[in-house]
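These notes are about the structure you will find just below.
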Amino acid sequence: MNIYNKRTLVGFWKKHANSKKPLELWYDDVSSFVWKKPSEVKKDYISASIIGNSRVVFNIKGNSYRLIAAMDYERGWVQIKFIGTHKEYDRVDAETVEDY
């Protein structure tokens with residue numbers, strides 16, 4: 001999958017240093033997949049939550065952080081819409097948040 005806006009991850013791990021390695025691993029891992037439908041994401045990421053508006057919520061660093069991605073399966077694109085702590089995640093609408 002082609003992941004857009006890696007700068008969002010870099011900005012986040014500059015504030016939360018302990019998230020750098022898990023986010024780099026997530027980025028490399030997701031980049032290696034070619035998902036065509038949500039069930040394929042779920043097969044590879046059992047803890048991921050498939051939600052409305054073609055979005056997936058990924059648990060990062062043992063669920064210390066949450067990452068919301070918009071998926072375009074037809075084009076093979078992933079756009080990061082949000083990365084944050086649980087407290088920050090609780091304040092957003094995962095289906096509509098845009099570039100946190």
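Letters A, B, ... go to the chains of the structure tokens in the order shown; residues in each chain start at 1; ligands are counted from 1 in the same order.
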
| said: Could you go through chain A and tell me which residues DSSP, when run on the backbone, assigns to alpha helix (DSSP H), listing them as a count of residues only? | reply: 33

| field | Contacts of Trp77 (chain A) within 10 Å, only C-alpha atoms, excl. fewer than 4 positions in-chain, as a PyMOL selection string | value | chain A and resi 1-4+31+34-35+69-73

| 9 Å contact set for region 7-11 of chain A, only C-alpha atoms, chain neighbours under 5 positions out, as a ChimeraX atom specification | /A:16,20,23-24,27,80-83,99-100

| Coordinates-based distance that separates CA of Lys87 (chain A) from CA of Asp44 (chain A) (Å, one decimal) | 26.0 Å

| said: Which of chain A end up as strand (DSSP E) when DSSP is run on this backbone - answer as a list in words? | reply: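 Of chain A, the ones in strand (DSSP E) are Asn2, Ile3, Tyr4, Ser49, Ile50, Ile51, Arg55, Val56, Val57, Phe58, Asn59, Ile60, Tyr65, Arg66, Leu67, Ile68, Ala69, Ala70, Met71, Asp72, Trp77, Val78, Gln79, Ile80, Lys81, Phe82, Ile83, Gly84 and Thr85 of chain A.
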
Would you mind exporting N, CA and C atoms of the selected residues as an mmCIF file, in the first residue's frame?
data_model
loop_
_atom_site.group_PDB
_atom_site.id
_atom_site.type_symbol
_atom_site.label_atom_id
_atom_site.label_comp_id
_atom_site.auth_asym_id
_atom_site.auth_seq_id
_atom_site.Cartn_x
_atom_site.Cartn_y
_atom_site.Cartn_z
ATOM 1 N N ASN A 2 0.448 2.271 -0.661
ATOM 2 C CA ASN A 2 1.150 3.554 -0.663
ATOM 3 C C ASN A 2 0.599 4.394 0.482
ATOM 4 N N ILE A 3 1.458 4.778 1.394
ATOM 5 C CA ILE A 3 1.035 5.534 2.564
ATOM 6 C C ILE A 3 1.399 6.996 2.359
ATOM 7 N N TYR A 4 0.391 7.841 2.471
ATOM 8 C CA TYR A 4 0.587 9.278 2.308
ATOM 9 C C TYR A 4 0.730 9.949 3.665
ATOM 10 N N SER A 49 -9.577 -2.096 13.866
ATOM 11 C CA SER A 49 -11.028 -1.924 13.834
ATOM 12 C C SER A 49 -11.418 -1.319 12.501
ATOM 13 N N ILE A 50 -12.275 -2.013 11.781
ATOM 14 C CA ILE A 50 -12.794 -1.516 10.512
ATOM 15 C C ILE A 50 -14.016 -0.676 10.847
ATOM 16 N N ILE A 51 -13.996 0.597 10.475
ATOM 17 C CA ILE A 51 -15.111 1.486 10.805
ATOM 18 C C ILE A 51 -15.667 2.094 9.516
ATOM 19 N N ARG A 55 -12.479 3.623 6.749
ATOM 20 C CA ARG A 55 -11.401 3.891 7.695
ATOM 21 C C ARG A 55 -11.094 2.674 8.551
ATOM 22 N N VAL A 56 -9.843 2.642 8.978
ATOM 23 C CA VAL A 56 -9.360 1.580 9.849
ATOM 24 C C VAL A 56 -8.632 2.228 11.013
ATOM 25 N N VAL A 57 -8.870 1.714 12.215
ATOM 26 C CA VAL A 57 -8.161 2.170 13.407
ATOM 27 C C VAL A 57 -7.151 1.087 13.767
ATOM 28 N N PHE A 58 -5.873 1.477 13.817
ATOM 29 C CA PHE A 58 -4.794 0.568 14.175
ATOM 30 C C PHE A 58 -4.324 0.882 15.592
ATOM 31 N N ASN A 59 -4.051 -0.152 16.358
ATOM 32 C CA ASN A 59 -3.464 -0.003 17.686
ATOM 33 C C ASN A 59 -1.949 -0.016 17.518
ATOM 34 N N ILE A 60 -1.292 0.972 18.092
ATOM 35 C CA ILE A 60 0.159 1.118 17.973
ATOM 36 C C ILE A 60 0.796 1.000 19.351
ATOM 37 N N TYR A 65 -1.181 3.879 21.583
ATOM 38 C CA TYR A 65 -1.580 4.925 20.647
ATOM 39 C C TYR A 65 -2.562 4.352 19.638
ATOM 40 N N ARG A 66 -3.317 5.252 19.017
ATOM 41 C CA ARG A 66 -4.262 4.855 17.974
ATOM 42 C C ARG A 66 -3.975 5.649 16.713
ATOM 43 N N LEU A 67 -4.032 4.953 15.587
ATOM 44 C CA LEU A 67 -3.816 5.559 14.287
ATOM 45 C C LEU A 67 -5.055 5.303 13.438
ATOM 46 N N ILE A 68 -5.609 6.371 12.883
ATOM 47 C CA ILE A 68 -6.771 6.254 11.995
ATOM 48 C C ILE A 68 -6.287 6.480 10.571
ATOM 49 N N ALA A 69 -6.628 5.543 9.689
ATOM 50 C CA ALA A 69 -6.227 5.648 8.292
ATOM 51 C C ALA A 69 -7.446 5.534 7.390
ATOM 52 N N ALA A 70 -7.483 6.378 6.367
ATOM 53 C CA ALA A 70 -8.495 6.272 5.316
ATOM 54 C C ALA A 70 -7.916 5.357 4.249
ATOM 55 N N MET A 71 -8.697 4.389 3.829
ATOM 56 C CA MET A 71 -8.223 3.380 2.882
ATOM 57 C C MET A 71 -8.891 3.567 1.524
ATOM 58 N N ASP A 72 -8.086 3.553 0.478
ATOM 59 C CA ASP A 72 -8.608 3.512 -0.888
ATOM 60 C C ASP A 72 -8.066 2.213 -1.483
ATOM 61 N N TRP A 77 -4.096 3.009 -1.739
ATOM 62 C CA TRP A 77 -3.641 4.153 -0.952
ATOM 63 C C TRP A 77 -4.093 4.062 0.493
ATOM 64 N N VAL A 78 -3.240 4.556 1.374
ATOM 65 C CA VAL A 78 -3.555 4.710 2.794
ATOM 66 C C VAL A 78 -3.213 6.144 3.149
ATOM 67 N N GLN A 79 -4.171 6.857 3.724
ATOM 68 C CA GLN A 79 -3.893 8.226 4.163
ATOM 69 C C GLN A 79 -4.101 8.290 5.665
ATOM 70 N N ILE A 80 -3.062 8.697 6.361
ATOM 71 C CA ILE A 80 -3.132 8.823 7.813
ATOM 72 C C ILE A 80 -3.980 10.048 8.144
ATOM 73 N N LYS A 81 -5.028 9.830 8.912
ATOM 74 C CA LYS A 81 -5.930 10.914 9.297
ATOM 75 C C LYS A 81 -5.689 11.376 10.723
ATOM 76 N N PHE A 82 -5.132 10.475 11.556
ATOM 77 C CA PHE A 82 -4.949 10.802 12.966
ATOM 78 C C PHE A 82 -3.982 9.810 13.585
ATOM 79 N N ILE A 83 -3.147 10.300 14.478
ATOM 80 C CA ILE A 83 -2.359 9.457 15.372
ATOM 81 C C ILE A 83 -2.350 10.168 16.715
ATOM 82 N N GLY A 84 -2.645 9.426 17.768
ATOM 83 C CA GLY A 84 -2.693 10.063 19.082
ATOM 84 C C GLY A 84 -2.813 9.060 20.204
ATOM 85 N N THR A 85 -2.819 9.597 21.404
ATOM 86 C CA THR A 85 -3.025 8.783 22.600
ATOM 87 C C THR A 85 -4.503 8.414 22.682
#

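Checking A:Asn53, A:Asn18, A:Gly76, A:Lys6 one by one against Ser32 (chain A), counting only C-alpha atoms, you find the shortest gap at A:Gly76.
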